[in-house]
$ cat entry_16.cif   # mmCIF, C-alpha atoms; chains and numbers go by the auth columns
data_query
#
loop_
_atom_site.group_PDB
_atom_site.id
_atom_site.type_symbol
_atom_site.label_atom_id
_atom_site.label_comp_id
_atom_site.label_asym_id
_atom_site.label_seq_id
_atom_site.Cartn_x
_atom_site.Cartn_y
_atom_site.Cartn_z
_atom_site.B_iso_or_equiv
_atom_site.auth_seq_id
_atom_site.auth_asym_id
ATOM 1 C CA MET A 1 7.816 4.329 11.770 0.00 1 R
ATOM 2 C CA THR A 2 7.732 7.814 13.356 0.00 2 R
ATOM 3 C CA GLY A 3 7.693 10.439 10.619 0.00 3 R
ATOM 4 C CA SER A 4 6.593 7.992 7.905 0.00 4 R
ATOM 5 C CA PHE A 5 3.572 8.288 5.640 0.00 5 R
ATOM 6 C CA SER A 6 2.130 5.118 7.191 0.00 6 R
ATOM 7 C CA GLU A 7 2.132 6.885 10.561 0.00 7 R
ATOM 8 C CA SER A 8 0.283 9.831 8.986 0.00 8 R
ATOM 9 C CA ALA A 9 -2.322 7.385 7.636 0.00 9 R
ATOM 10 C CA LEU A 10 -2.640 5.819 11.102 0.00 10 R
ATOM 11 C CA ASP A 11 -3.183 9.257 12.658 0.00 11 R
ATOM 12 C CA ALA A 12 -5.799 10.152 10.033 0.00 12 R
ATOM 13 C CA TYR A 13 -7.731 6.918 10.558 0.00 13 R
ATOM 14 C CA PHE A 14 -7.422 6.295 14.312 0.00 14 R
ATOM 15 C CA GLY A 15 -6.406 9.706 15.679 0.00 15 R
ATOM 16 C CA SER A 16 -3.059 11.044 16.817 0.00 16 R
ATOM 17 C CA GLU A 17 -3.498 9.833 20.412 0.00 17 R
ATOM 18 C CA THR A 18 -3.761 6.166 19.428 0.00 18 R
ATOM 19 C CA LYS A 19 -1.091 3.920 20.901 0.00 19 R
ATOM 20 C CA ARG A 20 1.192 2.521 18.236 0.00 20 R
ATOM 21 C CA LYS A 21 4.294 0.442 17.637 0.00 21 R
ATOM 22 C CA ASN A 22 6.723 1.287 14.864 0.00 22 R
ATOM 23 C CA TYR A 23 8.364 -1.157 12.475 0.00 23 R
ATOM 24 C CA GLU A 24 11.034 -0.569 9.852 0.00 24 R
ATOM 25 C CA HIS A 25 9.713 -2.979 7.214 0.00 25 R
ATOM 26 C CA PHE A 26 6.191 -3.765 6.006 0.00 26 R
ATOM 27 C CA ASP A 27 6.627 -7.509 6.566 0.00 27 R
ATOM 28 C CA GLU A 28 7.396 -6.797 10.223 0.00 28 R
ATOM 29 C CA VAL A 29 3.929 -5.247 10.601 0.00 29 R
ATOM 30 C CA PHE A 30 2.303 -8.476 9.392 0.00 30 R
ATOM 31 C CA GLU A 31 4.490 -10.530 11.731 0.00 31 R
ATOM 32 C CA ALA A 32 3.607 -8.238 14.633 0.00 32 R
ATOM 33 C CA LEU A 33 -0.117 -8.807 14.072 0.00 33 R
ATOM 34 C CA LYS A 34 0.449 -12.543 13.717 0.00 34 R
ATOM 35 C CA ASN A 35 2.247 -12.539 17.087 0.00 35 R
ATOM 36 C CA ASP A 36 -0.431 -10.375 18.772 0.00 36 R
ATOM 37 C CA GLU A 37 1.949 -7.476 19.344 0.00 37 R
ATOM 38 C CA ILE A 38 -0.618 -5.147 17.756 0.00 38 R
ATOM 39 C CA ASP A 39 -4.382 -5.188 17.174 0.00 39 R
ATOM 40 C CA TYR A 40 -4.285 -3.700 13.659 0.00 40 R
ATOM 41 C CA GLY A 41 -1.664 -2.995 11.026 0.00 41 R
ATOM 42 C CA VAL A 42 -1.390 -0.088 8.595 0.00 42 R
ATOM 43 C CA VAL A 43 0.496 -0.426 5.297 0.00 43 R
ATOM 44 C CA PRO A 44 0.295 1.206 1.852 0.00 44 R
ATOM 45 C CA LEU A 45 -1.403 -0.816 -0.890 0.00 45 R
ATOM 46 C CA GLU A 46 -1.452 1.392 -3.975 0.00 46 R
ATOM 47 C CA ASN A 47 -0.049 4.699 -5.187 0.00 47 R
ATOM 48 C CA SER A 48 -1.760 6.834 -7.802 0.00 48 R
ATOM 49 C CA SER A 49 1.401 7.204 -9.912 0.00 49 R
ATOM 50 C CA THR A 50 3.355 3.989 -9.311 0.00 50 R
ATOM 51 C CA GLY A 51 0.525 1.471 -8.911 0.00 51 R
ATOM 52 C CA ALA A 52 0.177 -1.492 -6.587 0.00 52 R
ATOM 53 C CA ILE A 53 2.626 -2.319 -3.802 0.00 53 R
ATOM 54 C CA ASN A 54 2.669 -5.994 -4.644 0.00 54 R
ATOM 55 C CA ASP A 55 4.394 -7.385 -1.556 0.00 55 R
ATOM 56 C CA ASN A 56 1.601 -6.076 0.646 0.00 56 R
ATOM 57 C CA TYR A 57 -1.058 -7.584 -1.626 0.00 57 R
ATOM 58 C CA ASP A 58 0.661 -10.941 -1.284 0.00 58 R
ATOM 59 C CA ALA A 59 1.083 -10.614 2.478 0.00 59 R
ATOM 60 C CA ILE A 60 -2.627 -9.963 3.122 0.00 60 R
ATOM 61 C CA ARG A 61 -3.407 -13.177 1.258 0.00 61 R
ATOM 62 C CA ASP A 62 -0.562 -15.261 2.684 0.00 62 R
ATOM 63 C CA TYR A 63 -1.197 -14.328 6.318 0.00 63 R
ATOM 64 C CA GLY A 64 -4.974 -14.785 6.033 0.00 64 R
ATOM 65 C CA PHE A 65 -5.726 -11.328 7.464 0.00 65 R
ATOM 66 C CA PHE A 66 -8.693 -9.090 6.660 0.00 66 R
ATOM 67 C CA ILE A 67 -8.949 -5.498 5.487 0.00 67 R
ATOM 68 C CA VAL A 68 -11.067 -3.557 7.990 0.00 68 R
ATOM 69 C CA GLY A 69 -10.543 -0.006 6.686 0.00 69 R
ATOM 70 C CA GLU A 70 -8.932 2.147 4.044 0.00 70 R
ATOM 71 C CA GLN A 71 -7.326 5.573 4.347 0.00 71 R
ATOM 72 C CA SER A 72 -6.322 7.642 1.326 0.00 72 R
ATOM 73 C CA LEU A 73 -3.570 10.170 1.885 0.00 73 R
ATOM 74 C CA SER A 74 -2.175 12.932 -0.288 0.00 74 R
ATOM 75 C CA ILE A 75 1.575 12.332 -0.526 0.00 75 R
ATOM 76 C CA SER A 76 4.079 15.177 -0.921 0.00 76 R
ATOM 77 C CA GLN A 77 7.651 14.011 -1.378 0.00 77 R
ATOM 78 C CA HIS A 78 10.398 16.458 -0.404 0.00 78 R
ATOM 79 C CA LEU A 79 14.150 16.412 -0.922 0.00 79 R
ATOM 80 C CA LEU A 80 15.740 16.737 2.509 0.00 80 R
ATOM 81 C CA GLY A 81 19.354 17.565 3.312 0.00 81 R
ATOM 82 C CA LEU A 82 21.540 18.964 6.045 0.00 82 R
ATOM 83 C CA PRO A 83 20.922 22.652 6.837 0.00 83 R
ATOM 84 C CA GLY A 84 23.043 24.770 4.527 0.00 84 R
ATOM 85 C CA SER A 85 23.567 22.087 1.872 0.00 85 R
ATOM 86 C CA SER A 86 22.450 22.622 -1.724 0.00 86 R
ATOM 87 C CA LEU A 87 21.314 20.606 -4.735 0.00 87 R
ATOM 88 C CA GLU A 88 24.744 21.010 -6.319 0.00 88 R
ATOM 89 C CA ASP A 89 26.400 19.452 -3.255 0.00 89 R
ATOM 90 C CA LEU A 90 24.372 16.250 -3.414 0.00 90 R
ATOM 91 C CA ARG A 91 25.757 12.961 -4.707 0.00 91 R
ATOM 92 C CA GLU A 92 23.465 10.359 -3.100 0.00 92 R
ATOM 93 C CA VAL A 93 19.744 10.345 -2.326 0.00 93 R
ATOM 94 C CA TYR A 94 18.126 7.820 0.009 0.00 94 R
ATOM 95 C CA SER A 95 14.502 6.734 0.240 0.00 95 R
ATOM 96 C CA HIS A 96 12.115 3.803 0.218 0.00 96 R
ATOM 97 C CA PRO A 97 11.775 2.377 -3.324 0.00 97 R
ATOM 98 C CA GLN A 98 8.323 3.982 -3.521 0.00 98 R
ATOM 99 C CA GLY A 99 9.764 7.382 -2.623 0.00 99 R
ATOM 100 C CA LEU A 100 12.295 7.020 -5.432 0.00 100 R
ATOM 101 C CA LEU A 101 9.686 5.827 -7.917 0.00 101 R
ATOM 102 C CA GLN A 102 7.263 8.589 -7.054 0.00 102 R
ATOM 103 C CA SER A 103 10.055 11.129 -7.656 0.00 103 R
ATOM 104 C CA ARG A 104 11.658 9.539 -10.720 0.00 104 R
ATOM 105 C CA GLN A 105 11.066 12.519 -13.008 0.00 105 R
ATOM 106 C CA PHE A 106 12.893 14.876 -10.643 0.00 106 R
ATOM 107 C CA LEU A 107 15.682 12.343 -10.161 0.00 107 R
ATOM 108 C CA SER A 108 16.130 11.868 -13.890 0.00 108 R
ATOM 109 C CA GLU A 109 16.624 15.628 -14.204 0.00 109 R
ATOM 110 C CA HIS A 110 19.265 15.498 -11.449 0.00 110 R
ATOM 111 C CA ALA A 111 21.076 12.374 -12.597 0.00 111 R
ATOM 112 C CA TRP A 112 24.286 13.177 -10.705 0.00 112 R
ATOM 113 C CA MET A 113 22.518 11.978 -7.550 0.00 113 R
ATOM 114 C CA LYS A 114 22.884 8.224 -7.126 0.00 114 R
ATOM 115 C CA GLN A 115 19.679 6.605 -5.883 0.00 115 R
ATOM 116 C CA ARG A 116 19.961 4.465 -2.753 0.00 116 R
ATOM 117 C CA GLU A 117 17.061 2.329 -1.508 0.00 117 R
ATOM 118 C CA TYR A 118 16.281 2.426 2.199 0.00 118 R
ATOM 119 C CA ALA A 119 13.835 0.551 4.449 0.00 119 R
ATOM 120 C CA ASN A 120 11.446 3.503 4.660 0.00 120 R
ATOM 121 C CA THR A 121 11.392 7.247 4.034 0.00 121 R
ATOM 122 C CA SER A 122 11.633 8.241 7.684 0.00 122 R
ATOM 123 C CA LEU A 123 14.637 5.995 8.324 0.00 123 R
ATOM 124 C CA ALA A 124 16.287 7.449 5.223 0.00 124 R
ATOM 125 C CA ALA A 125 15.879 10.927 6.693 0.00 125 R
ATOM 126 C CA GLN A 126 17.270 9.740 10.035 0.00 126 R
ATOM 127 C CA TYR A 127 20.274 8.209 8.275 0.00 127 R
ATOM 128 C CA VAL A 128 21.069 11.451 6.422 0.00 128 R
ATOM 129 C CA ALA A 129 20.786 13.439 9.658 0.00 129 R
ATOM 130 C CA ASN A 130 23.103 11.034 11.505 0.00 130 R
ATOM 131 C CA GLU A 131 25.680 10.920 8.703 0.00 131 R
ATOM 132 C CA LYS A 132 26.117 14.713 8.751 0.00 132 R
ATOM 133 C CA ASP A 133 27.364 14.512 5.163 0.00 133 R
ATOM 134 C CA PRO A 134 26.243 17.429 2.924 0.00 134 R
ATOM 135 C CA THR A 135 26.494 15.189 -0.152 0.00 135 R
ATOM 136 C CA LYS A 136 23.671 12.922 1.116 0.00 136 R
ATOM 137 C CA ALA A 137 19.942 13.650 0.933 0.00 137 R
ATOM 138 C CA ALA A 138 16.672 11.832 1.590 0.00 138 R
ATOM 139 C CA ILE A 139 13.256 11.855 -0.020 0.00 139 R
ATOM 140 C CA ALA A 140 10.679 11.953 2.749 0.00 140 R
ATOM 141 C CA SER A 141 7.918 14.003 4.357 0.00 141 R
ATOM 142 C CA ASP A 142 8.081 17.463 5.875 0.00 142 R
ATOM 143 C CA LYS A 143 7.288 15.735 9.189 0.00 143 R
ATOM 144 C CA ALA A 144 10.493 13.704 8.844 0.00 144 R
ATOM 145 C CA ALA A 145 12.414 16.919 8.110 0.00 145 R
ATOM 146 C CA GLN A 146 11.162 18.458 11.355 0.00 146 R
ATOM 147 C CA LEU A 147 11.762 15.263 13.313 0.00 147 R
ATOM 148 C CA TYR A 148 15.423 14.921 12.289 0.00 148 R
ATOM 149 C CA GLY A 149 16.406 18.572 11.894 0.00 149 R
ATOM 150 C CA LEU A 150 16.795 18.495 8.119 0.00 150 R
ATOM 151 C CA GLU A 151 16.161 21.251 5.611 0.00 151 R
ATOM 152 C CA ILE A 152 13.753 20.945 2.677 0.00 152 R
ATOM 153 C CA LEU A 153 16.061 21.570 -0.280 0.00 153 R
ATOM 154 C CA GLN A 154 13.284 21.062 -2.856 0.00 154 R
ATOM 155 C CA GLU A 155 9.643 20.609 -1.999 0.00 155 R
ATOM 156 C CA ASN A 156 6.980 18.607 -3.845 0.00 156 R
ATOM 157 C CA ILE A 157 9.306 16.631 -6.095 0.00 157 R
ATOM 158 C CA GLN A 158 6.747 13.845 -6.676 0.00 158 R
ATOM 159 C CA ASN A 159 5.878 13.060 -10.311 0.00 159 R
ATOM 160 C CA LEU A 160 2.248 14.085 -9.868 0.00 160 R
ATOM 161 C CA LYS A 161 1.078 17.019 -7.810 0.00 161 R
ATOM 162 C CA THR A 162 -2.044 14.965 -7.108 0.00 162 R
ATOM 163 C CA ASN A 163 0.083 12.073 -5.788 0.00 163 R
ATOM 164 C CA SER A 164 -1.864 9.957 -3.300 0.00 164 R
ATOM 165 C CA THR A 165 -1.623 6.544 -1.653 0.00 165 R
ATOM 166 C CA ARG A 166 -4.242 4.075 -0.441 0.00 166 R
ATOM 167 C CA PHE A 167 -3.369 2.628 2.954 0.00 167 R
ATOM 168 C CA ILE A 168 -5.185 -0.382 4.343 0.00 168 R
ATOM 169 C CA ILE A 169 -5.967 -1.095 7.957 0.00 169 R
ATOM 170 C CA PHE A 170 -5.976 -4.843 8.518 0.00 170 R
ATOM 171 C CA GLY A 171 -6.705 -7.226 11.359 0.00 171 R
ATOM 172 C CA LYS A 172 -7.161 -10.888 12.185 0.00 172 R
ATOM 173 C CA HIS A 173 -10.938 -10.972 11.870 0.00 173 R
ATOM 174 C CA LEU A 174 -13.524 -10.028 9.264 0.00 174 R
ATOM 175 C CA GLU A 175 -15.403 -6.932 10.419 0.00 175 R
ATOM 176 C CA THR A 176 -18.534 -5.552 8.812 0.00 176 R
ATOM 177 C CA SER A 177 -21.499 -3.322 9.565 0.00 177 R
ATOM 178 C CA LYS A 178 -24.426 -1.743 7.749 0.00 178 R
ATOM 179 C CA ASP A 179 -22.376 1.415 7.170 0.00 179 R
ATOM 180 C CA VAL A 180 -19.486 -0.063 5.140 0.00 180 R
ATOM 181 C CA SER A 181 -19.506 0.162 1.363 0.00 181 R
ATOM 182 C CA HIS A 182 -16.495 -1.631 -0.172 0.00 182 R
ATOM 183 C CA VAL A 183 -15.734 -5.329 -0.590 0.00 183 R
ATOM 184 C CA SER A 184 -12.374 -6.883 -1.457 0.00 184 R
ATOM 185 C CA ILE A 185 -12.009 -10.488 -2.608 0.00 185 R
ATOM 186 C CA VAL A 186 -9.190 -12.712 -3.885 0.00 186 R
ATOM 187 C CA PHE A 187 -9.758 -15.761 -6.078 0.00 187 R
ATOM 188 C CA THR A 188 -8.071 -18.288 -8.347 0.00 188 R
ATOM 189 C CA LEU A 189 -9.396 -19.664 -11.613 0.00 189 R
ATOM 190 C CA LYS A 190 -9.144 -22.666 -13.848 0.00 190 R
ATOM 191 C CA HIS A 191 -6.494 -22.070 -16.499 0.00 191 R
ATOM 192 C CA GLU A 192 -8.940 -22.095 -19.390 0.00 192 R
ATOM 193 C CA VAL A 193 -10.569 -19.760 -21.887 0.00 193 R
ATOM 194 C CA GLY A 194 -13.332 -17.540 -20.485 0.00 194 R
ATOM 195 C CA SER A 195 -12.795 -18.272 -16.793 0.00 195 R
ATOM 196 C CA LEU A 196 -12.203 -14.639 -15.805 0.00 196 R
ATOM 197 C CA TYR A 197 -15.042 -13.509 -18.068 0.00 197 R
ATOM 198 C CA GLN A 198 -17.479 -15.689 -16.102 0.00 198 R
ATOM 199 C CA VAL A 199 -16.622 -13.905 -12.846 0.00 199 R
ATOM 200 C CA MET A 200 -16.855 -10.495 -14.520 0.00 200 R
ATOM 201 C CA LYS A 201 -20.237 -11.499 -15.950 0.00 201 R
ATOM 202 C CA VAL A 202 -21.534 -12.300 -12.467 0.00 202 R
ATOM 203 C CA ILE A 203 -20.501 -8.838 -11.298 0.00 203 R
ATOM 204 C CA ASN A 204 -22.202 -7.271 -14.311 0.00 204 R
ATOM 205 C CA ASP A 205 -25.366 -9.363 -14.017 0.00 205 R
ATOM 206 C CA HIS A 206 -25.788 -8.355 -10.373 0.00 206 R
ATOM 207 C CA HIS A 207 -25.301 -4.667 -11.297 0.00 207 R
ATOM 208 C CA ILE A 208 -22.285 -4.338 -9.012 0.00 208 R
ATOM 209 C CA ASN A 209 -19.866 -1.469 -9.535 0.00 209 R
ATOM 210 C CA MET A 210 -16.375 -2.967 -9.778 0.00 210 R
ATOM 211 C CA LEU A 211 -13.700 -0.526 -8.615 0.00 211 R
ATOM 212 C CA ARG A 212 -10.465 -2.303 -9.516 0.00 212 R
ATOM 213 C CA ILE A 213 -8.879 -5.603 -10.455 0.00 213 R
ATOM 214 C CA GLU A 214 -5.286 -6.683 -9.851 0.00 214 R
ATOM 215 C CA SER A 215 -3.528 -9.930 -10.729 0.00 215 R
ATOM 216 C CA ARG A 216 -0.554 -11.526 -8.970 0.00 216 R
ATOM 217 C CA PRO A 217 1.318 -14.666 -10.040 0.00 217 R
ATOM 218 C CA LEU A 218 0.811 -17.998 -8.347 0.00 218 R
ATOM 219 C CA LYS A 219 4.318 -18.733 -7.117 0.00 219 R
ATOM 220 C CA ALA A 220 4.068 -22.492 -7.550 0.00 220 R
ATOM 221 C CA THR A 221 2.387 -22.438 -10.968 0.00 221 R
ATOM 222 C CA PRO A 222 3.964 -20.412 -13.795 0.00 222 R
ATOM 223 C CA TRP A 223 1.606 -18.176 -15.804 0.00 223 R
ATOM 224 C CA GLU A 224 -1.340 -18.647 -13.462 0.00 224 R
ATOM 225 C CA TYR A 225 -2.607 -15.912 -11.159 0.00 225 R
ATOM 226 C CA TYR A 226 -4.466 -14.773 -8.095 0.00 226 R
ATOM 227 C CA PHE A 227 -7.013 -12.072 -8.887 0.00 227 R
ATOM 228 C CA TYR A 228 -7.892 -9.294 -6.451 0.00 228 R
ATOM 229 C CA VAL A 229 -11.141 -7.431 -7.040 0.00 229 R
ATOM 230 C CA ASP A 230 -12.628 -4.462 -5.182 0.00 230 R
ATOM 231 C CA PHE A 231 -16.274 -3.544 -5.667 0.00 231 R
ATOM 232 C CA GLU A 232 -18.983 -1.500 -4.006 0.00 232 R
ATOM 233 C CA GLY A 233 -21.230 -3.424 -1.670 0.00 233 R
ATOM 234 C CA ASN A 234 -22.060 -4.701 1.782 0.00 234 R
ATOM 235 C CA LEU A 235 -21.881 -8.309 2.924 0.00 235 R
ATOM 236 C CA GLU A 236 -25.264 -7.939 4.600 0.00 236 R
ATOM 237 C CA ASN A 237 -26.879 -7.100 1.248 0.00 237 R
ATOM 238 C CA GLN A 238 -28.714 -10.041 -0.325 0.00 238 R
ATOM 239 C CA ASN A 239 -27.577 -9.161 -3.840 0.00 239 R
ATOM 240 C CA ILE A 240 -23.912 -9.248 -2.739 0.00 240 R
ATOM 241 C CA ILE A 241 -24.443 -12.558 -0.934 0.00 241 R
ATOM 242 C CA LEU A 242 -25.966 -14.123 -4.053 0.00 242 R
ATOM 243 C CA ALA A 243 -23.249 -12.666 -6.303 0.00 243 R
ATOM 244 C CA LEU A 244 -20.475 -14.149 -4.142 0.00 244 R
ATOM 245 C CA GLU A 245 -22.186 -17.550 -4.160 0.00 245 R
ATOM 246 C CA ASP A 246 -22.420 -17.351 -7.958 0.00 246 R
ATOM 247 C CA MET A 247 -18.750 -16.341 -8.264 0.00 247 R
ATOM 248 C CA LYS A 248 -17.699 -19.359 -6.214 0.00 248 R
ATOM 249 C CA THR A 249 -19.169 -21.676 -8.863 0.00 249 R
ATOM 250 C CA HIS A 250 -16.739 -20.186 -11.425 0.00 250 R
ATOM 251 C CA THR A 251 -13.579 -20.124 -9.272 0.00 251 R
ATOM 252 C CA ILE A 252 -11.234 -22.674 -7.728 0.00 252 R
ATOM 253 C CA THR A 253 -10.847 -20.663 -4.525 0.00 253 R
ATOM 254 C CA LEU A 254 -12.479 -17.432 -3.393 0.00 254 R
ATOM 255 C CA ARG A 255 -11.960 -15.553 -0.139 0.00 255 R
ATOM 256 C CA VAL A 256 -13.460 -12.308 1.107 0.00 256 R
ATOM 257 C CA LEU A 257 -10.579 -10.064 2.186 0.00 257 R
ATOM 258 C CA GLY A 258 -12.740 -7.398 3.775 0.00 258 R
ATOM 259 C CA ASN A 259 -15.870 -5.267 3.900 0.00 259 R
ATOM 260 C CA TYR A 260 -14.949 -1.774 4.951 0.00 260 R
ATOM 261 C CA ALA A 261 -15.363 1.970 4.579 0.00 261 R
ATOM 262 C CA LYS A 262 -13.038 4.243 2.643 0.00 262 R
ATOM 263 C CA LYS A 263 -11.766 7.503 4.117 0.00 263 R
#

$ encode --input "entry_16.cif" --output "structure tokens"
Amino acid sequence: MTGSFSESALDAYFGSETKRKNYEHFDEVFEALKNDEIDYGVVPLENSSTGAINDNYDAIRDYGFFIVGEQSLSISQHLLGLPGSSLEDLREVYSHPQGLLQSRQFLSEHAWMKQREYANTSLAAQYVANEKDPTKAAIASDKAAQLYGLEILQENIQNLKTNSTRFIIFGKHLETSKDVSHVSIVFTLKHEVGSLYQVMKVINDHHINMLRIESRPLKATPWEYYFYVDFEGNLENQNIILALEDMKTHTITLRVLGNYAKK
């Protein structure tokens, strides 16, 4: 969406002149790639203060797409209102759930503002501009403020001044080269003692630097999980090839989600 943080990540990764299509919801980006409306999608995957954006984790797996790149972006959340309005005037604040979460400390200190979830931060800013109601505000970027003629009533209201988000670039095909350095996989395990340990042991035995692990519930099986793991490596490296083969002997399913560079 024009003025959104995802658009800023797209510009940082591909360049500002890249042709793009805008979508209001993250799931629409996955559908657009599925229907060949776009060549690549860009969505947030994890924020440094609020954690994983679980729906996008699930969508990458469910659609069978591949991560081909990652772009980290420093995120500054601003409180935007109509020109001339003030904090005391405000009664409602609109933003994407992540915008609200990333600003929860500020919002708790200004509890008279009712929080309203919106499809994305840029659309929230557009809504406030169109409503022309001085009691409504949005949490969004300074780019959105400029785009919709809003005033920054309070800047940098995010919980952490070092607030940042990992965005993934994903496509229909696995892409790799000698220059990429990060591998993402997703796997399922037998529901028995020590099953996750065996996979972790493989990673340790092959001297692989694991970067993160995330679990998500299997929808059809209560209390069982998918596991997402990121680690340093290249799929053309023999040690990584052998490690993945070893991991497969300890998992029910295992799929490589991507081999890519981080920016």

$ residues_around --input "entry_16.cif" --residues "stretch 39-43 of chain R" --least-positions-apart "6" --cutoff "12 Å" --atoms "only C-alpha atoms" --output "PyMOL selection string"
chain R and resi 1+4-14+18-33+52-57+59-60+65-73+120+165-173

$ resolve_selection --input "entry_16.cif" --expression "the PyMOL selection byres ((chain R and resi 233-235) around 9)" --output "ChimeraX atom specification"
/R:176-183,208-209,231-232,236-241,259-260

$ closest_residue --input "entry_16.cif" --among "R:Asn130, R:Ser184, R:Ser141, R:Ser164" --to "R:Glu46" --atoms "all atoms listed in the file"
R:Ser164

$ atom_distance --input "entry_16.cif" --atom1 "atom CA of R:Lys34" --atom2 "atom CA of R:Asp62"
11.4 Å

$ resolve_selection --input "entry_16.cif" --expression "the PyMOL selection byres ((chain R and resi 210-216) around 6)" --output "NGL selection string"
:R and (209 or 217 or 225-231)

$ write_last_selection --input "entry_16.cif" --atoms "C-alpha atoms" --output "PDB file, in the frame of the given file"
ATOM      1  CA  ASN R 209     -19.866  -1.469  -9.535  1.00  0.00           C
ATOM      2  CA  PRO R 217       1.318 -14.666 -10.040  1.00  0.00           C
ATOM      3  CA  TYR R 225      -2.607 -15.912 -11.159  1.00  0.00           C
ATOM      4  CA  TYR R 226      -4.466 -14.773  -8.095  1.00  0.00           C
ATOM      5  CA  PHE R 227      -7.013 -12.072  -8.887  1.00  0.00           C
ATOM      6  CA  TYR R 228      -7.892  -9.294  -6.451  1.00  0.00           C
ATOM      7  CA  VAL R 229     -11.141  -7.431  -7.040  1.00  0.00           C
ATOM      8  CA  ASP R 230     -12.628  -4.462  -5.182  1.00  0.00           C
ATOM      9  CA  PHE R 231     -16.274  -3.544  -5.667  1.00  0.00           C
TER      10      PHE R 231
END

$ closest_residue --input "entry_16.cif" --among "R:Ser122, R:Ser103, R:Gln154, R:Ser48" --to "R:Leu79" --atoms "only C-alpha atoms"
R:Gln154

$ closest_residue --input "entry_16.cif" --among "R:Met113, R:Met200, R:Ala220, R:Ala137" --to "R:Thr251" --atoms "only C-alpha atoms"
R:Met200

$ closest_residue --input "entry_16.cif" --among "R:Ser49, R:Tyr127, R:Leu87, R:Gln98" --to "R:Ala111" --atoms "all atoms listed in the file"
R:Leu87

$ axis_aligned_box --input "entry_16.cif" --around "stretch 138-144 of chain R" --padding-each-side "3 Å" --output "JSON"
{"center_x": 12.0, "center_y": 14.6, "center_z": 4.6, "size_x": 15.4, "size_y": 11.6, "size_z": 15.2}

$ atom_distance --input "entry_16.cif" --atom1 "atom CA of R:His206" --atom2 "atom CA of R:Leu242"
8.6 Å

$ closest_residue --input "entry_16.cif" --among "R:Lys143, R:His191, R:His78, R:Lys248" --to "R:Glu224" --atoms "all atoms listed in the file"
R:His191

$ atom_distance --input "entry_16.cif" --atom1 "atom CA of R:Gln115" --atom2 "atom CA of R:Asp58"
26.3 Å
